[in-house]
Amino acid sequence: SFFMIADFHALTSQAHVQDPRANYRYTMALDLLALGIDPHVACLFFQSDVPQHAELHLLLSMITPLQWLHRTPSFKDKEDKLAHEWLTHGFLGYPLLMSADILLYKAQAVPVGTDQLPHLELTREIARRFNHVYSVAQFPIPEASLTDSPLLPGLDGEKMSKSHGNTIYLSDEPDTLTQKIKRMKTDPKRMRRNDPGTPENCPVFAYQTLYNQSESEALANDCRAGRIGC
């Protein structure tokens with residue numbers, strides 16, 4: 001398995017560009033090691049240490065239609081939110097660099113969350129197009145490897161992202177974590193304590209199902225019946 005610390009990708013973030021001295025990539029390495037990634041078994045590396053990532057990205061950009069990149073959810077989501085000067089060529093090409101990251105290693109399975117499936121599908125299209133244009137079987141068509149864990153939303157119920165300021169970090173101290181959880185949004189349609197709730201619409205409940213499995217079913221039933229507050 002290859003675990004890449006994507007420091008090229010990080011440069012599409014305004015925060016990383018404005019603070020290039022920040023040691024983000026080393027804190028990311030510490031997080032991965034803390035999660036149990038064994039560098040004696042898996043390959044843990046910095047993206048920028050392998051120049052072929054940038055080289056393949058350039059080559060793939062010569063055959064990738066512009067409209068394929070414009071339709072990716074990440075670009076459409078940020079197009080109206082980012083300041084105009086941060087809608088850069090690098091930001092538009094972010095999914096293509098991701099494709100290069102995958103295809104460079106001829107990956108057959110890619111562990112992703114459901115929110116990344118559109119990007120993986122773009123990679124599959126690009127692999128097929130490359131193989132067709134050059135009449136070669138250069139790249140296998142990678143498949144998604146999904147887990148049973150739910151998609152964990154950010155503090156505001158939207159996709160968790162540093163640029164949205166809605167993140168929970170592995171390195172957060174307990175007091176910080178408590179304060180973050182306390183201000184999380186819950187079921188937006190539930191106005192009163194005895195109103196019937198919909199746990200599936202509650203961002204906090206996604207965490208209950210993962211971290212509090214033994215009680216999550218009872219909590220969901222009590223929520224639907226209006227027996228407990230948010």
# chains A, B, ... in the order shown; residues from 1 in each chain; ligands from 1
$ closest_atom_pairs --of "range 160-203 of chain A" --to "range 208-216 of chain A" --cutoff "12 Å" --atoms "only C-alpha atoms" --output "tab-separated table"
residue	atom	partner	partner_atom	distance
A:Ile181	CA	A:Gln208	CA	11.8
A:Pro199	CA	A:Ser216	CA	9.7
A:Glu200	CA	A:Thr209	CA	10.2
A:Cys202	CA	A:Gln208	CA	10.1
A:Pro203	CA	A:Gln208	CA	9.3
$ closest_residue --among "A:Phe130, A:Phe139, A:Phe8, A:Phe91" --to "Ser74 in chain A" --atoms "only C-alpha atoms"
A:Phe91
$ residues_around --residues "Ile228 in chain A" --least-positions-apart "2" --cutoff "9 Å" --atoms "only C-alpha atoms" --output "tab-separated table (two decimals) with all heavy atoms, in the first residue's frame"
chain	number	residue	atom	x	y	z
A	193	ARG	N	-37.74	20.02	22.01
A	193	ARG	CA	-37.19	18.78	22.54
A	193	ARG	C	-38.07	17.58	22.24
A	193	ARG	O	-37.59	16.48	21.97
A	193	ARG	CB	-37.00	18.91	24.06
A	193	ARG	CG	-36.35	17.69	24.69
A	193	ARG	CD	-36.32	17.82	26.21
A	193	ARG	NE	-35.67	16.68	26.84
A	193	ARG	CZ	-36.23	15.48	27.00
A	193	ARG	NH1	-37.46	15.27	26.57
A	193	ARG	NH2	-35.57	14.49	27.58
A	194	ASN	N	-39.40	17.76	22.27
A	194	ASN	CA	-40.29	16.61	22.05
A	194	ASN	C	-40.71	16.45	20.59
A	194	ASN	O	-41.57	15.64	20.29
A	194	ASN	CB	-41.53	16.71	22.95
A	194	ASN	CG	-42.31	18.01	22.73
A	194	ASN	OD1	-41.85	18.87	21.99
A	194	ASN	ND2	-43.46	18.13	23.37
A	219	LEU	N	-30.45	5.39	20.90
A	219	LEU	CA	-30.48	6.84	20.76
A	219	LEU	C	-31.31	7.26	19.55
A	219	LEU	O	-32.07	8.22	19.61
A	219	LEU	CB	-29.05	7.39	20.63
A	219	LEU	CG	-28.19	7.39	21.89
A	219	LEU	CD1	-26.74	7.70	21.56
A	219	LEU	CD2	-28.74	8.39	22.90
A	222	ASP	N	-35.03	6.84	20.41
A	222	ASP	CA	-35.48	7.89	21.32
A	222	ASP	C	-35.58	9.23	20.59
A	222	ASP	O	-36.48	10.03	20.88
A	222	ASP	CB	-34.51	8.02	22.50
A	222	ASP	CG	-34.66	6.86	23.49
A	222	ASP	OD1	-35.71	6.18	23.43
A	222	ASP	OD2	-33.74	6.66	24.30
A	223	CYS	N	-34.67	9.47	19.67
A	223	CYS	CA	-34.70	10.71	18.89
A	223	CYS	C	-35.95	10.75	18.02
A	223	CYS	O	-36.68	11.75	17.98
A	223	CYS	CB	-33.44	10.82	18.04
A	223	CYS	SG	-33.43	12.21	16.88
A	224	ARG	N	-36.23	9.65	17.31
A	224	ARG	CA	-37.40	9.59	16.43
A	224	ARG	C	-38.70	9.76	17.20
A	224	ARG	O	-39.68	10.33	16.69
A	224	ARG	CB	-37.43	8.27	15.66
A	224	ARG	CG	-36.29	8.12	14.66
A	224	ARG	CD	-36.48	6.88	13.78
A	224	ARG	NE	-35.36	6.68	12.89
A	224	ARG	CZ	-34.34	5.86	13.12
A	224	ARG	NH1	-34.33	5.14	14.24
A	224	ARG	NH2	-33.35	5.75	12.27
A	225	ALA	N	-38.71	9.30	18.44
A	225	ALA	CA	-39.92	9.38	19.28
A	225	ALA	C	-40.00	10.70	20.06
A	225	ALA	O	-40.99	10.94	20.75
A	225	ALA	CB	-39.97	8.22	20.24
A	226	GLY	N	-38.95	11.53	19.98
A	226	GLY	CA	-38.96	12.78	20.71
A	226	GLY	C	-38.75	12.61	22.20
A	226	GLY	O	-39.16	13.47	23.00
A	230	CYS	N	-31.57	17.00	21.49
A	230	CYS	CA	-30.38	16.85	20.63
A	230	CYS	C	-29.11	16.88	21.47
A	230	CYS	O	-29.00	17.71	22.35
A	230	CYS	CB	-30.34	17.97	19.58
A	230	CYS	SG	-31.65	17.81	18.34
$ closest_residue --among "A:Asp187, A:Leu152, A:Leu170, A:Met62" --to "Ala206 in chain A" --atoms "only C-alpha atoms"
A:Leu152
$ residues_around --residues "Ile63 in chain A" --least-positions-apart "2" --cutoff "10 Å" --atoms "only C-alpha atoms" --output "JSON, numbers by chain"
{"A": [58, 59, 60, 61, 65, 66, 126, 129, 130, 133]}
$ write_last_selection --atoms "C-alpha atoms" --output "PDB file, in the first residue's frame"
ATOM      1  CA  LEU A  58       1.472  17.451 -17.343  1.00  0.00           C
ATOM      2  CA  LEU A  59       1.227  14.620 -19.867  1.00  0.00           C
ATOM      3  CA  LEU A  60      -2.345  13.748 -18.878  1.00  0.00           C
ATOM      4  CA  SER A  61      -3.336  17.412 -19.185  1.00  0.00           C
ATOM      5  CA  PRO A  65     -10.914  17.718 -22.129  1.00  0.00           C
ATOM      6  CA  LEU A  66     -11.391  20.955 -20.211  1.00  0.00           C
ATOM      7  CA  ILE A 126      -8.673   9.414 -18.202  1.00  0.00           C
ATOM      8  CA  ARG A 129      -8.827   7.739 -22.874  1.00  0.00           C
ATOM      9  CA  PHE A 130      -5.029   7.424 -22.588  1.00  0.00           C
ATOM     10  CA  VAL A 133      -5.508   7.523 -27.790  1.00  0.00           C
TER      11      VAL A 133
END
$ residues_around --residues "Leu151 in chain A" --least-positions-apart "3" --cutoff "8 Å" --atoms "only C-alpha atoms" --output "JSON, numbers by chain"
{"A": [113, 114, 115, 206]}
$ write_last_selection --atoms "C-alpha atoms" --output "PDB file, in the first residue's frame"
ATOM      1  CA  GLY A 113     -14.707   7.950   0.872  1.00  0.00           C
ATOM      2  CA  THR A 114     -17.965   8.241  -1.052  1.00  0.00           C
ATOM      3  CA  ASP A 115     -17.315  11.963  -1.605  1.00  0.00           C
ATOM      4  CA  ALA A 206     -22.891   9.993  12.107  1.00  0.00           C
TER       5      ALA A 206
END
$ select_by_dssp --residues "range 15-205 of chain A" --states "alpha helix (DSSP H)" --output "ChimeraX atom specification"
/A:15-18,24-34,52-61,66-70,73-79,89-92,94-103,117-133,174-182,203-205
$ residues_around --residues "His40 in chain A" --least-positions-apart "6" --cutoff "12 Å" --atoms "only C-alpha atoms" --output "PyMOL selection string"
chain A and resi 1-2+33
$ write_last_selection --atoms "N, CA and C atoms" --output "compact mmCIF listing (two decimals), in the first residue's frame"
# COMPACT_ATOMS: atom_id res chain seq x y z
N SER A 1 0.84 -1.20 0.00
CA SER A 1 0.00 0.00 0.00
C SER A 1 0.87 1.24 0.00
N PHE A 2 0.39 2.27 -0.68
CA PHE A 2 1.11 3.55 -0.74
C PHE A 2 0.29 4.61 -0.02
N LEU A 33 1.15 7.94 11.25
CA LEU A 33 1.85 7.00 12.12
C LEU A 33 1.02 6.71 13.37
$ select_by_dssp --residues "range 32-100 of chain A" --states "strand (DSSP E or B)" --output "VMD selection string"
chain A and resid 43 to 46
$ atom_distance --atom1 "CA of Pro118 in chain A" --atom2 "CA of Ala10 in chain A"
19.7 Å
$ residues_around --residues "Leu32 in chain A" --least-positions-apart "6" --cutoff "12 Å" --atoms "only C-alpha atoms" --output "list in words"
Phe2, Phe3, Met4, Ile5, Arg25, Tyr26, Asp38, Pro39, Ala42, Cys43, Leu44, Phe45, Leu170 and Ser171 of chain A
$ write_last_selection --atoms "all heavy atoms" --output "compact mmCIF listing (two decimals), in the first residue's frame"
# COMPACT_ATOMS: atom_id res chain seq x y z
N PHE A 2 0.39 2.27 -0.68
CA PHE A 2 1.11 3.55 -0.74
C PHE A 2 0.29 4.61 -0.02
O PHE A 2 -0.89 4.82 -0.34
CB PHE A 2 1.32 3.96 -2.20
CG PHE A 2 2.27 3.07 -2.95
CD1 PHE A 2 1.82 1.94 -3.61
CD2 PHE A 2 3.63 3.37 -3.00
CE1 PHE A 2 2.69 1.11 -4.30
CE2 PHE A 2 4.50 2.54 -3.68
CZ PHE A 2 4.04 1.42 -4.34
N PHE A 3 0.89 5.28 0.94
CA PHE A 3 0.25 6.36 1.67
C PHE A 3 1.01 7.65 1.36
O PHE A 3 2.13 7.85 1.84
CB PHE A 3 0.25 6.08 3.18
CG PHE A 3 -0.65 4.94 3.56
CD1 PHE A 3 -0.18 3.63 3.54
CD2 PHE A 3 -1.96 5.16 3.93
CE1 PHE A 3 -1.00 2.57 3.88
CE2 PHE A 3 -2.80 4.10 4.27
CZ PHE A 3 -2.31 2.81 4.25
N MET A 4 0.40 8.49 0.55
CA MET A 4 1.07 9.69 0.05
C MET A 4 0.63 10.91 0.84
O MET A 4 -0.56 11.13 1.07
CB MET A 4 0.72 9.88 -1.43
CG MET A 4 1.40 11.08 -2.06
SD MET A 4 0.76 11.37 -3.72
CE MET A 4 -0.85 12.09 -3.34
N ILE A 5 1.59 11.69 1.28
CA ILE A 5 1.31 12.99 1.89
C ILE A 5 1.33 14.03 0.77
O ILE A 5 2.38 14.33 0.20
CB ILE A 5 2.33 13.31 2.99
CG1 ILE A 5 2.18 12.27 4.11
CG2 ILE A 5 2.15 14.72 3.52
CD1 ILE A 5 3.25 12.33 5.16
N ARG A 25 3.20 19.05 6.40
CA ARG A 25 3.40 17.70 5.91
C ARG A 25 3.96 16.78 6.99
O ARG A 25 3.69 15.57 7.00
CB ARG A 25 4.27 17.70 4.65
CG ARG A 25 5.69 18.19 4.80
CD ARG A 25 6.36 18.18 3.42
NE ARG A 25 7.81 18.14 3.54
CZ ARG A 25 8.60 17.70 2.58
NH1 ARG A 25 8.08 17.26 1.45
NH2 ARG A 25 9.90 17.68 2.74
N TYR A 26 4.72 17.34 7.93
CA TYR A 26 5.23 16.50 9.01
C TYR A 26 4.15 16.19 10.04
O TYR A 26 4.12 15.10 10.61
CB TYR A 26 6.45 17.16 9.66
CG TYR A 26 7.66 17.11 8.76
CD1 TYR A 26 8.07 18.22 8.03
CD2 TYR A 26 8.37 15.92 8.59
CE1 TYR A 26 9.17 18.16 7.18
CE2 TYR A 26 9.46 15.85 7.74
CZ TYR A 26 9.86 16.97 7.04
OH TYR A 26 10.92 16.89 6.19
N ASP A 38 2.24 1.35 9.41
CA ASP A 38 3.57 0.81 9.71
C ASP A 38 4.49 1.04 8.51
O ASP A 38 4.32 0.41 7.46
CB ASP A 38 3.45 -0.70 10.00
CG ASP A 38 4.79 -1.31 10.43
OD1 ASP A 38 5.82 -0.63 10.32
OD2 ASP A 38 4.78 -2.47 10.86
N PRO A 39 5.47 1.94 8.63
CA PRO A 39 6.35 2.24 7.49
C PRO A 39 7.24 1.07 7.08
O PRO A 39 7.86 1.11 6.03
CB PRO A 39 7.18 3.43 7.99
CG PRO A 39 7.14 3.34 9.48
CD PRO A 39 5.80 2.74 9.83
N ALA A 42 4.08 -0.60 4.82
CA ALA A 42 3.50 0.27 3.79
C ALA A 42 4.51 1.35 3.41
O ALA A 42 5.45 1.63 4.15
CB ALA A 42 2.22 0.92 4.31
N CYS A 43 4.29 1.95 2.26
CA CYS A 43 5.17 3.01 1.76
C CYS A 43 4.53 4.36 2.10
O CYS A 43 3.47 4.71 1.58
CB CYS A 43 5.36 2.88 0.25
SG CYS A 43 6.45 4.14 -0.44
N LEU A 44 5.18 5.10 2.98
CA LEU A 44 4.72 6.43 3.40
C LEU A 44 5.69 7.45 2.84
O LEU A 44 6.90 7.37 3.11
CB LEU A 44 4.67 6.50 4.93
CG LEU A 44 4.24 7.81 5.57
CD1 LEU A 44 2.82 8.17 5.19
CD2 LEU A 44 4.37 7.71 7.09
N PHE A 45 5.19 8.39 2.03
CA PHE A 45 6.13 9.28 1.33
C PHE A 45 5.50 10.64 1.04
O PHE A 45 4.28 10.79 1.07
CB PHE A 45 6.59 8.64 0.02
CG PHE A 45 5.51 8.50 -1.02
CD1 PHE A 45 5.40 9.41 -2.07
CD2 PHE A 45 4.60 7.46 -0.97
CE1 PHE A 45 4.40 9.28 -3.03
CE2 PHE A 45 3.60 7.32 -1.92
CZ PHE A 45 3.50 8.23 -2.95
N LEU A 170 -7.08 14.97 14.59
CA LEU A 170 -6.64 13.89 15.46
C LEU A 170 -5.86 14.43 16.65
O LEU A 170 -5.86 13.84 17.73
CB LEU A 170 -5.76 12.91 14.67
CG LEU A 170 -6.46 12.07 13.61
CD1 LEU A 170 -5.42 11.34 12.76
CD2 LEU A 170 -7.40 11.08 14.25
N SER A 171 -5.19 15.56 16.45
CA SER A 171 -4.33 16.13 17.49
C SER A 171 -5.08 17.07 18.43
O SER A 171 -4.48 17.65 19.34
CB SER A 171 -3.17 16.89 16.85
OG SER A 171 -3.66 17.88 15.95
$ atom_distance --atom1 "CA of Thr64 in chain A" --atom2 "CA of Gln116 in chain A"
18.8 Å
